[in-house]
Amino acid sequence: MPQFDFLAEHRELTRRFFLKAGVLGFASTSFATPLSAAESPAPEKPVKRDKAGAYPEPYFTASEQFRDVSRGKPVPHSLPDEKKREVGLTRETWQLEVLADPDHPAKLGKPLTKKDGNALNFEALLKLGEQHAVRFPKVMTCLNLGCPLGMGLWEGVPLRDVIWLTQPRENLRRVFYDGYHNDDPKQLFRSSLPIGRVLEDPFDLPPVILCYKVNGDWLDAERGGPVRIVVPEAYGFKSIKWLTHVFLTNLAAANDTYAEQNNDVDSPLKTFAASLVVPREVKAGEAITVSGYAQVGISGLSKVQVAIESNAEPSPDNDPYYTKMAWTDAQLLPAPTSWTGLPNGKIPADTHGFNAAGVPNSWPLRLTNAHWAAVLPGLPAGEYTFRCRSVDEKPQAQPMPRPFRKSGHATIESVVITVKD
Ligand SMILES: Nc1nc2c(c(=O)[nH]1)N[C@H]1C(S)=C(S)[C@@H](COP(=O)(O)O)O[C@H]1N2
Ligand SMILES: [Mo]
């Protein structure tokens, strides 16, 4: 299966930056990346180059190049077409039930059920989309993995518009939802949200959607089609694929499958910086080129900073988050001018975060990845430790104040660099 070649994209982006900066350290660099080395398997198929041999300016990831995180035996997207039709995993046969949770029922005037013949079908969803469709960019990323699975422009109908159809009246505190799981309770993968998050959007966030398109195309089966939930500010496990059921409940607590794995299921995307290309060895006195990406989490990103210290000098005590280091600002790479992966390379009208001309209102965009690069001055021979961190919009250095792994990847990375005479 072809996969998202994030590193190839990143190298092409930063190549332009280093060319302009007059330093091209790439020939001798080797990768030092805790993320891609430890957690991301080697990409199987490189991103296609254009006629001139250059990679496209990366941004949105082709749906088939996403990394796939799907459970199930067999995984639902691998079912034969006929079976997909039978179980409602095609646009023609898909139906969504929106019901009261049988154990802790919310009071609904009109649940949407197969039994009553009013379950929501794809045509009715698209009909709602004519009035209410929304689009927003978001990186799909797994809380357990930390590395990006792919960048999508997700399109769909706000979940609240479907919930309103059920005429909820009382005893509604949370929304539980799950997807097709081979009718085997052991394979169930489910998630949940407080009703308040669904009915109203926190400041400047897009709504939670029933998503049926990504990057201008119908959502394919591997990405969770015909319909998946996409929660803008959340890690991937909240964005349930092959959606079949929404339960409106009076329970106040999360029932997410991910909660069973010690995960913090209320954690929104963290802001952090990661290195992707750092040399292990450089010549004394020679400029050091480093680059990486930052996940722009819920608290935004104002800058990425880098620091390098000699291992011969002891670091200050009681400074686990390196707040006392001599940090310098890296360069955040600018927004693309053409949006690879979208029809005609253009941002469609009414996309969250963009103006009418398809230009981002600000940069970098929240809930996406930003790329960065820096050139550090040459150093005398010795062993050094390179680090990078992010500073959010508040501006707080991150990953503080919440560096717990089970809230999502967030560390200040360190890479040892040897400088040789
Ligand atoms: N039905 C269902 N939905 C699911 C999953 C799953 O196993 N089954 N995996 C979740 C997890 S843990 C992640 S990280 C994302 C991954 O989305 P992707 O496969 O589109 O990259 O899907 C989520 N939705
Ligand atoms: Mo995940």
# chains A, B, ... in the order shown; residues from 1 in each chain; ligands from 1
$ residues_near_ligand --ligand "ligand 1" --cutoff "8 Å" --atoms "only C-alpha atoms and all ligand atoms" --output "PyMOL selection string"
chain A and resi 66-72+140-145+149-150+178-181+188-190+222-224+228+235-243+258
$ select_by_dssp --residues "range 138-348 of chain A" --states "strand (DSSP E or B)" --output "number ranges by chain"
A: 138-141, 148-158, 168-170, 174-179, 190-194, 209-214, 217-218, 228-230, 234, 243-249, 268, 272-277, 281-283, 288-295, 303-310, 328-329, 331-332
$ residues_around --residues "Leu193 in chain A" --least-positions-apart "3" --cutoff "10 Å" --atoms "only C-alpha atoms" --output "list of chain:residue names"
A:Arg173, A:Arg174, A:Val175, A:Phe176, A:Tyr177, A:Gly196, A:Arg197, A:Val198, A:Val208, A:Val231, A:Lys238, A:Ala252, A:Ala253, A:Ala254, A:Asn255, A:Asp256, A:Val265, A:Asp266
$ write_last_selection --atoms "N, CA, C and O atoms" --output "CSV table (one decimal), in the first residue's frame"
chain,number,residue,atom,x,y,z
A,173,ARG,N,-26.5,14.4,27.4
A,173,ARG,CA,-25.2,15.0,27.9
A,173,ARG,C,-24.0,14.6,27.0
A,173,ARG,O,-23.0,15.3,27.0
A,174,ARG,N,-24.2,13.5,26.3
A,174,ARG,CA,-23.0,13.1,25.5
A,174,ARG,C,-23.5,12.4,24.3
A,174,ARG,O,-24.6,11.9,24.2
A,175,VAL,N,-22.6,12.3,23.3
A,175,VAL,CA,-22.9,11.6,22.0
A,175,VAL,C,-21.9,10.5,21.9
A,175,VAL,O,-20.7,10.7,22.0
A,176,PHE,N,-22.4,9.3,21.8
A,176,PHE,CA,-21.6,8.1,21.5
A,176,PHE,C,-21.7,7.7,20.1
A,176,PHE,O,-22.8,7.9,19.5
A,177,TYR,N,-20.7,7.3,19.4
A,177,TYR,CA,-20.8,6.9,18.0
A,177,TYR,C,-19.8,5.8,17.7
A,177,TYR,O,-18.7,5.7,18.2
A,196,GLY,N,-22.2,19.5,24.2
A,196,GLY,CA,-21.9,20.9,24.0
A,196,GLY,C,-20.9,21.1,22.9
A,196,GLY,O,-21.0,22.1,22.1
A,197,ARG,N,-19.9,20.2,22.8
A,197,ARG,CA,-18.9,20.4,21.7
A,197,ARG,C,-19.6,20.2,20.3
A,197,ARG,O,-19.1,20.8,19.3
A,198,VAL,N,-20.6,19.4,20.3
A,198,VAL,CA,-21.3,19.1,19.0
A,198,VAL,C,-22.2,20.2,18.6
A,198,VAL,O,-22.3,20.6,17.4
A,208,VAL,N,-17.8,19.7,14.4
A,208,VAL,CA,-17.6,18.2,14.2
A,208,VAL,C,-18.5,17.8,13.0
A,208,VAL,O,-19.7,18.2,13.0
A,231,VAL,N,-13.5,15.1,13.9
A,231,VAL,CA,-13.5,16.0,15.0
A,231,VAL,C,-12.2,16.9,14.8
A,231,VAL,O,-11.1,16.4,14.9
A,238,LYS,N,-11.0,9.9,17.6
A,238,LYS,CA,-12.3,10.5,17.7
A,238,LYS,C,-13.0,10.5,16.4
A,238,LYS,O,-14.2,10.7,16.3
A,252,ALA,N,-22.5,10.8,31.5
A,252,ALA,CA,-21.7,12.0,31.5
A,252,ALA,C,-20.2,11.7,31.1
A,252,ALA,O,-19.4,12.6,30.9
A,253,ALA,N,-19.9,10.4,31.1
A,253,ALA,CA,-18.5,10.0,30.9
A,253,ALA,C,-18.2,9.5,29.5
A,253,ALA,O,-19.1,8.9,28.9
A,254,ALA,N,-17.0,9.5,29.1
A,254,ALA,CA,-16.6,9.0,27.8
A,254,ALA,C,-16.6,7.5,27.8
A,254,ALA,O,-16.3,6.9,28.9
A,255,ASN,N,-16.9,6.9,26.7
A,255,ASN,CA,-16.9,5.4,26.6
A,255,ASN,C,-15.9,5.0,25.5
A,255,ASN,O,-16.0,3.9,24.9
A,256,ASP,N,-15.0,5.9,25.1
A,256,ASP,CA,-14.1,5.6,24.0
A,256,ASP,C,-13.3,4.3,24.1
A,256,ASP,O,-12.8,4.0,25.2
A,265,VAL,N,-8.5,10.7,26.8
A,265,VAL,CA,-9.4,10.8,25.6
A,265,VAL,C,-10.0,12.2,25.4
A,265,VAL,O,-10.7,12.5,24.5
A,266,ASP,N,-9.7,13.1,26.3
A,266,ASP,CA,-10.1,14.5,26.2
A,266,ASP,C,-9.0,15.5,25.7
A,266,ASP,O,-9.2,16.7,25.6
$ closest_residue --among "A:His371, A:Lys213, A:Lys406, A:Lys186" --to "ligand 2" --atoms "only C-alpha atoms and all ligand atoms"
A:Lys406
$ closest_residue --among "A:Pro102, A:Gly117, A:Gly146, A:Pro403" --to "ligand 2" --atoms "only C-alpha atoms and all ligand atoms"
A:Gly146
$ closest_residue --among "A:Pro76, A:Pro395, A:Gly382, A:Pro148" --to "ligand 2" --atoms "only C-alpha atoms and all ligand atoms"
A:Pro148
$ residues_around --residues "Ile412 in chain A" --least-positions-apart "4" --cutoff "8 Å" --atoms "only C-alpha atoms" --output "compact mmCIF listing (two decimals) with N, CA and C atoms, in the first residue's frame"
# COMPACT_ATOMS: atom_id res chain seq x y z
N PHE A 272 3.66 20.97 19.16
CA PHE A 272 5.05 20.55 19.43
C PHE A 272 5.87 20.69 18.17
N ALA A 273 7.18 20.68 18.34
CA ALA A 273 8.08 20.70 17.18
C ALA A 273 8.86 19.40 17.15
N ALA A 274 9.09 18.90 15.96
CA ALA A 274 9.88 17.68 15.80
C ALA A 274 10.93 17.94 14.73
N TYR A 321 12.54 21.06 31.19
CA TYR A 321 11.97 21.51 29.91
C TYR A 321 12.86 22.54 29.22
N ARG A 387 18.44 20.62 20.13
CA ARG A 387 17.04 20.47 20.56
C ARG A 387 16.13 21.42 19.79
N CYS A 388 14.87 21.05 19.71
CA CYS A 388 13.89 21.98 19.13
C CYS A 388 12.64 21.99 19.99
N ARG A 389 11.96 23.12 20.00
CA ARG A 389 10.71 23.23 20.74
C ARG A 389 9.78 24.18 20.00
N PRO A 399 6.47 21.48 24.73
CA PRO A 399 5.26 20.80 25.22
C PRO A 399 4.80 21.14 26.62
$ closest_residue --among "A:Asn355, A:Glu92, A:Asp421, A:Ala259" --to "ligand 2" --atoms "only C-alpha atoms and all ligand atoms"
A:Ala259
$ select_by_dssp --residues "range 88-246 of chain A" --states "helix (DSSP H, G or I)" --output "PyMOL selection string"
chain A and resi 122-132+159-165+185-187+195-199+236-238
$ residues_around --residues "Pro334 in chain A" --least-positions-apart "2" --cutoff "10 Å" --atoms "only C-alpha atoms" --output "list in words"
Leu13, Phe17, Gln331, Leu332, Pro336, Thr337, Trp363, Pro364, Ala370, His371 and Trp372 of chain A
$ write_last_selection --atoms "all heavy atoms" --output "tab-separated table (two decimals), in the first residue's frame"
chain	number	residue	atom	x	y	z
A	13	LEU	N	10.63	20.73	0.40
A	13	LEU	CA	10.27	22.07	0.91
A	13	LEU	C	11.48	22.81	1.46
A	13	LEU	O	11.69	23.98	1.17
A	13	LEU	CB	9.28	21.91	2.06
A	13	LEU	CG	7.81	22.09	1.81
A	13	LEU	CD1	7.07	21.98	3.13
A	13	LEU	CD2	7.53	23.45	1.18
A	17	PHE	N	14.37	26.39	0.86
A	17	PHE	CA	14.80	27.33	1.91
A	17	PHE	C	16.32	27.40	1.99
A	17	PHE	O	16.91	28.48	2.01
A	17	PHE	CB	14.20	26.91	3.25
A	17	PHE	CG	14.77	27.67	4.41
A	17	PHE	CD1	14.34	28.96	4.69
A	17	PHE	CD2	15.76	27.11	5.21
A	17	PHE	CE1	14.87	29.67	5.76
A	17	PHE	CE2	16.30	27.81	6.27
A	17	PHE	CZ	15.86	29.09	6.55
A	331	GLN	N	13.11	29.30	11.14
A	331	GLN	CA	12.24	29.93	10.14
A	331	GLN	C	11.05	29.02	9.86
A	331	GLN	O	11.24	27.85	9.52
A	331	GLN	CB	13.06	30.13	8.86
A	331	GLN	CG	12.33	30.82	7.75
A	331	GLN	CD	12.21	32.31	8.01
A	331	GLN	OE1	13.15	32.96	8.42
A	331	GLN	NE2	11.01	32.84	7.78
A	332	LEU	N	9.85	29.56	10.03
A	332	LEU	CA	8.66	28.78	9.61
A	332	LEU	C	8.51	28.95	8.11
A	332	LEU	O	8.58	30.07	7.61
A	332	LEU	CB	7.41	29.29	10.32
A	332	LEU	CG	7.24	28.88	11.78
A	332	LEU	CD1	6.00	29.53	12.36
A	332	LEU	CD2	7.14	27.36	11.91
A	336	PRO	N	2.00	27.35	0.95
A	336	PRO	CA	2.17	27.06	-0.47
A	336	PRO	C	1.37	28.08	-1.31
A	336	PRO	O	0.43	28.68	-0.81
A	336	PRO	CB	1.56	25.67	-0.65
A	336	PRO	CG	1.26	25.15	0.70
A	336	PRO	CD	1.28	26.28	1.66
A	337	THR	N	1.78	28.23	-2.56
A	337	THR	CA	1.01	29.11	-3.44
A	337	THR	C	0.04	28.29	-4.28
A	337	THR	O	-0.97	28.78	-4.75
A	337	THR	CB	1.95	29.91	-4.37
A	337	THR	OG1	2.95	29.00	-4.85
A	337	THR	CG2	2.61	31.04	-3.60
A	363	TRP	N	-1.06	32.28	9.12
A	363	TRP	CA	-0.16	31.16	8.85
A	363	TRP	C	0.81	31.00	10.00
A	363	TRP	O	1.30	32.02	10.49
A	363	TRP	CB	0.59	31.40	7.53
A	363	TRP	CG	1.30	30.16	7.07
A	363	TRP	CD1	2.62	29.87	7.20
A	363	TRP	CD2	0.69	29.03	6.43
A	363	TRP	NE1	2.88	28.63	6.69
A	363	TRP	CE2	1.71	28.09	6.21
A	363	TRP	CE3	-0.62	28.71	6.03
A	363	TRP	CZ2	1.48	26.86	5.62
A	363	TRP	CZ3	-0.85	27.50	5.44
A	363	TRP	CH2	0.19	26.59	5.24
A	364	PRO	N	1.06	29.80	10.47
A	364	PRO	CA	0.49	28.54	10.01
A	364	PRO	C	-0.94	28.34	10.51
A	364	PRO	O	-1.39	29.04	11.41
A	364	PRO	CB	1.42	27.50	10.65
A	364	PRO	CG	1.96	28.16	11.87
A	364	PRO	CD	2.04	29.62	11.56
A	370	ALA	N	3.14	22.46	10.23
A	370	ALA	CA	3.94	23.51	9.60
A	370	ALA	C	5.37	22.98	9.48
A	370	ALA	O	5.79	22.17	10.30
A	370	ALA	CB	3.91	24.75	10.48
A	371	HIS	N	6.08	23.43	8.48
A	371	HIS	CA	7.48	23.00	8.32
A	371	HIS	C	8.41	24.14	8.73
A	371	HIS	O	8.08	25.31	8.56
A	371	HIS	CB	7.75	22.60	6.87
A	371	HIS	CG	6.99	21.37	6.45
A	371	HIS	ND1	7.58	20.15	6.33
A	371	HIS	CD2	5.68	21.19	6.17
A	371	HIS	CE1	6.67	19.25	5.97
A	371	HIS	NE2	5.50	19.86	5.86
A	372	TRP	N	9.58	23.77	9.23
A	372	TRP	CA	10.54	24.80	9.67
A	372	TRP	C	11.95	24.38	9.28
A	372	TRP	O	12.21	23.19	9.02
A	372	TRP	CB	10.45	25.04	11.18
A	372	TRP	CG	10.70	23.81	12.02
A	372	TRP	CD1	9.77	22.94	12.48
A	372	TRP	CD2	11.97	23.29	12.45
A	372	TRP	NE1	10.36	21.93	13.19
A	372	TRP	CE2	11.71	22.11	13.19
A	372	TRP	CE3	13.30	23.72	12.31
A	372	TRP	CZ2	12.74	21.36	13.77
A	372	TRP	CZ3	14.31	22.97	12.88
A	372	TRP	CH2	14.03	21.80	13.61
$ atom_distance --atom1 "CA of Ala312 in chain A" --atom2 "CA of Met325 in chain A"
15.0 Å
$ residues_around --residues "Val282 in chain A" --least-positions-apart "4" --cutoff "10 Å" --atoms "only C-alpha atoms" --output "PyMOL selection string"
chain A and resi 25+28-29+286-289+378-379+381+417-421
$ write_last_selection --atoms "N, CA and C atoms" --output "short mmCIF file (atom, residue, chain, number, x, y, z; two decimals), in the first residue's frame"
data_model
loop_
_atom_site.label_atom_id
_atom_site.label_comp_id
_atom_site.auth_asym_id
_atom_site.auth_seq_id
_atom_site.Cartn_x
_atom_site.Cartn_y
_atom_site.Cartn_z
N GLY A 25 23.37 21.72 2.83
CA GLY A 25 24.07 20.70 3.60
C GLY A 25 23.51 19.32 3.38
N SER A 28 25.43 15.57 2.79
CA SER A 28 26.10 14.82 3.85
C SER A 28 25.20 14.55 5.06
N THR A 29 23.94 14.96 4.98
CA THR A 29 23.11 14.77 6.18
C THR A 29 22.56 13.36 6.25
N GLU A 286 31.65 24.60 10.15
CA GLU A 286 30.72 24.59 9.01
C GLU A 286 29.28 24.81 9.52
N ALA A 287 28.55 25.65 8.79
CA ALA A 287 27.16 25.92 9.18
C ALA A 287 26.37 24.60 9.27
N ILE A 288 25.46 24.52 10.23
CA ILE A 288 24.69 23.29 10.44
C ILE A 288 23.24 23.54 10.03
N THR A 289 22.77 22.78 9.06
CA THR A 289 21.38 22.97 8.62
C THR A 289 20.49 21.92 9.29
N GLY A 378 28.67 27.57 12.59
CA GLY A 378 29.64 26.49 12.79
C GLY A 378 30.18 26.48 14.22
N LEU A 379 30.67 25.30 14.64
CA LEU A 379 31.13 25.12 16.02
C LEU A 379 32.50 24.46 16.04
N ALA A 381 35.25 21.59 17.26
CA ALA A 381 35.10 20.14 17.40
C ALA A 381 34.59 19.77 18.79
N ILE A 417 24.95 15.64 18.02
CA ILE A 417 25.70 15.98 16.80
C ILE A 417 27.19 15.99 17.15
N THR A 418 27.98 15.28 16.35
CA THR A 418 29.43 15.30 16.56
C THR A 418 30.06 16.28 15.57
N VAL A 419 30.83 17.21 16.09
CA VAL A 419 31.54 18.16 15.22
C VAL A 419 33.01 17.72 15.18
N LYS A 420 33.49 17.49 13.92
CA LYS A 420 34.86 16.93 13.77
C LYS A 420 35.77 17.90 13.05
N ASP A 421 37.04 17.93 13.45
CA ASP A 421 38.05 18.77 12.77
C ASP A 421 38.31 18.27 11.37
#
$ closest_residue --among "A:Thr61, A:Asn318, A:Ala330, A:Cys147" --to "ligand 2" --atoms "only C-alpha atoms and all ligand atoms"
A:Cys147
$ atom_distance --atom1 "CA of Ser362 in chain A" --atom2 "CA of Ala410 in chain A"
23.8 Å
$ closest_residue --among "A:Gly88, A:Glu155, A:Ser63, A:Gly225" --to "Glu130 in chain A" --atoms "only C-alpha atoms"
A:Glu155
$ residues_around --residues "Val98 in chain A" --least-positions-apart "5" --cutoff "10 Å" --atoms "only C-alpha atoms" --output "ChimeraX atom specification"
/A:108,110-114,118-120,162-163,165-166,175-177,244-248
$ decode --residues "range 143-162 of chain A" --atoms "N, CA, C and O atoms" --output "PDB file, in the first residue's frame"
ATOM      1  N   LEU A 143      -2.980   9.492  18.331  1.00  0.00           N
ATOM      2  CA  LEU A 143      -2.466   9.791  19.671  1.00  0.00           C
ATOM      3  C   LEU A 143      -1.358   8.810  20.058  1.00  0.00           C
ATOM      4  O   LEU A 143      -0.358   9.182  20.660  1.00  0.00           O
ATOM      5  N   ASN A 144      -1.536   7.544  19.693  1.00  0.00           N
ATOM      6  CA  ASN A 144      -0.552   6.532  20.091  1.00  0.00           C
ATOM      7  C   ASN A 144       0.724   6.580  19.269  1.00  0.00           C
ATOM      8  O   ASN A 144       1.756   6.105  19.714  1.00  0.00           O
ATOM      9  N   LEU A 145       0.665   7.088  18.063  1.00  0.00           N
ATOM     10  CA  LEU A 145       1.842   7.087  17.201  1.00  0.00           C
ATOM     11  C   LEU A 145       2.584   8.415  17.247  1.00  0.00           C
ATOM     12  O   LEU A 145       3.794   8.448  17.345  1.00  0.00           O
ATOM     13  N   GLY A 146       1.844   9.511  17.136  1.00  0.00           N
ATOM     14  CA  GLY A 146       2.495  10.809  17.187  1.00  0.00           C
ATOM     15  C   GLY A 146       2.893  11.362  15.839  1.00  0.00           C
ATOM     16  O   GLY A 146       2.970  12.571  15.665  1.00  0.00           O
ATOM     17  N   CYS A 147       3.144  10.498  14.878  1.00  0.00           N
ATOM     18  CA  CYS A 147       3.561  11.030  13.579  1.00  0.00           C
ATOM     19  C   CYS A 147       2.334  11.233  12.694  1.00  0.00           C
ATOM     20  O   CYS A 147       1.321  10.555  12.862  1.00  0.00           O
ATOM     21  N   PRO A 148       2.398  12.169  11.756  1.00  0.00           N
ATOM     22  CA  PRO A 148       1.205  12.457  10.962  1.00  0.00           C
ATOM     23  C   PRO A 148       0.827  11.309  10.026  1.00  0.00           C
ATOM     24  O   PRO A 148       1.697  10.652   9.467  1.00  0.00           O
ATOM     25  N   LEU A 149      -0.467  11.078   9.869  1.00  0.00           N
ATOM     26  CA  LEU A 149      -0.963  10.049   8.955  1.00  0.00           C
ATOM     27  C   LEU A 149      -1.273  10.655   7.591  1.00  0.00           C
ATOM     28  O   LEU A 149      -1.214   9.969   6.579  1.00  0.00           O
ATOM     29  N   GLY A 150      -1.583  11.934   7.578  1.00  0.00           N
ATOM     30  CA  GLY A 150      -1.867  12.624   6.326  1.00  0.00           C
ATOM     31  C   GLY A 150      -2.602  13.922   6.593  1.00  0.00           C
ATOM     32  O   GLY A 150      -3.204  14.090   7.654  1.00  0.00           O
ATOM     33  N   MET A 151      -2.510  14.851   5.634  1.00  0.00           N
ATOM     34  CA  MET A 151      -3.191  16.142   5.759  1.00  0.00           C
ATOM     35  C   MET A 151      -4.391  16.131   4.828  1.00  0.00           C
ATOM     36  O   MET A 151      -4.259  15.859   3.644  1.00  0.00           O
ATOM     37  N   GLY A 152      -5.554  16.427   5.371  1.00  0.00           N
ATOM     38  CA  GLY A 152      -6.758  16.402   4.545  1.00  0.00           C
ATOM     39  C   GLY A 152      -7.507  17.716   4.583  1.00  0.00           C
ATOM     40  O   GLY A 152      -7.430  18.463   5.559  1.00  0.00           O
ATOM     41  N   LEU A 153      -8.227  18.006   3.494  1.00  0.00           N
ATOM     42  CA  LEU A 153      -9.248  19.045   3.517  1.00  0.00           C
ATOM     43  C   LEU A 153     -10.567  18.282   3.612  1.00  0.00           C
ATOM     44  O   LEU A 153     -11.018  17.679   2.634  1.00  0.00           O
ATOM     45  N   TRP A 154     -11.114  18.243   4.812  1.00  0.00           N
ATOM     46  CA  TRP A 154     -12.260  17.393   5.116  1.00  0.00           C
ATOM     47  C   TRP A 154     -13.543  18.157   4.881  1.00  0.00           C
ATOM     48  O   TRP A 154     -13.638  19.331   5.235  1.00  0.00           O
ATOM     49  N   GLU A 155     -14.516  17.481   4.289  1.00  0.00           N
ATOM     50  CA  GLU A 155     -15.773  18.159   3.955  1.00  0.00           C
ATOM     51  C   GLU A 155     -16.950  17.317   4.409  1.00  0.00           C
ATOM     52  O   GLU A 155     -16.954  16.096   4.252  1.00  0.00           O
ATOM     53  N   GLY A 156     -17.964  17.975   4.976  1.00  0.00           N
ATOM     54  CA  GLY A 156     -19.145  17.242   5.411  1.00  0.00           C
ATOM     55  C   GLY A 156     -20.185  18.154   6.024  1.00  0.00           C
ATOM     56  O   GLY A 156     -20.113  19.379   5.910  1.00  0.00           O
ATOM     57  N   VAL A 157     -21.141  17.520   6.688  1.00  0.00           N
ATOM     58  CA  VAL A 157     -22.272  18.226   7.299  1.00  0.00           C
ATOM     59  C   VAL A 157     -22.057  18.234   8.817  1.00  0.00           C
ATOM     60  O   VAL A 157     -21.684  17.206   9.381  1.00  0.00           O
ATOM     61  N   PRO A 158     -22.282  19.372   9.473  1.00  0.00           N
ATOM     62  CA  PRO A 158     -22.135  19.365  10.929  1.00  0.00           C
ATOM     63  C   PRO A 158     -23.009  18.284  11.562  1.00  0.00           C
ATOM     64  O   PRO A 158     -24.189  18.149  11.221  1.00  0.00           O
ATOM     65  N   LEU A 159     -22.428  17.543  12.485  1.00  0.00           N
ATOM     66  CA  LEU A 159     -23.167  16.482  13.175  1.00  0.00           C
ATOM     67  C   LEU A 159     -24.416  17.051  13.858  1.00  0.00           C
ATOM     68  O   LEU A 159     -25.454  16.406  13.940  1.00  0.00           O
ATOM     69  N   ARG A 160     -24.323  18.299  14.325  1.00  0.00           N
ATOM     70  CA  ARG A 160     -25.476  18.868  15.039  1.00  0.00           C
ATOM     71  C   ARG A 160     -26.708  18.965  14.135  1.00  0.00           C
ATOM     72  O   ARG A 160     -27.835  18.836  14.612  1.00  0.00           O
ATOM     73  N   ASP A 161     -26.497  19.179  12.837  1.00  0.00           N
ATOM     74  CA  ASP A 161     -27.657  19.302  11.944  1.00  0.00           C
ATOM     75  C   ASP A 161     -28.431  17.996  11.865  1.00  0.00           C
ATOM     76  O   ASP A 161     -29.648  17.999  11.651  1.00  0.00           O
ATOM     77  N   VAL A 162     -27.726  16.879  12.028  1.00  0.00           N
ATOM     78  CA  VAL A 162     -28.406  15.582  12.021  1.00  0.00           C
ATOM     79  C   VAL A 162     -29.026  15.312  13.392  1.00  0.00           C
ATOM     80  O   VAL A 162     -30.144  14.805  13.491  1.00  0.00           O
TER      81      VAL A 162
END
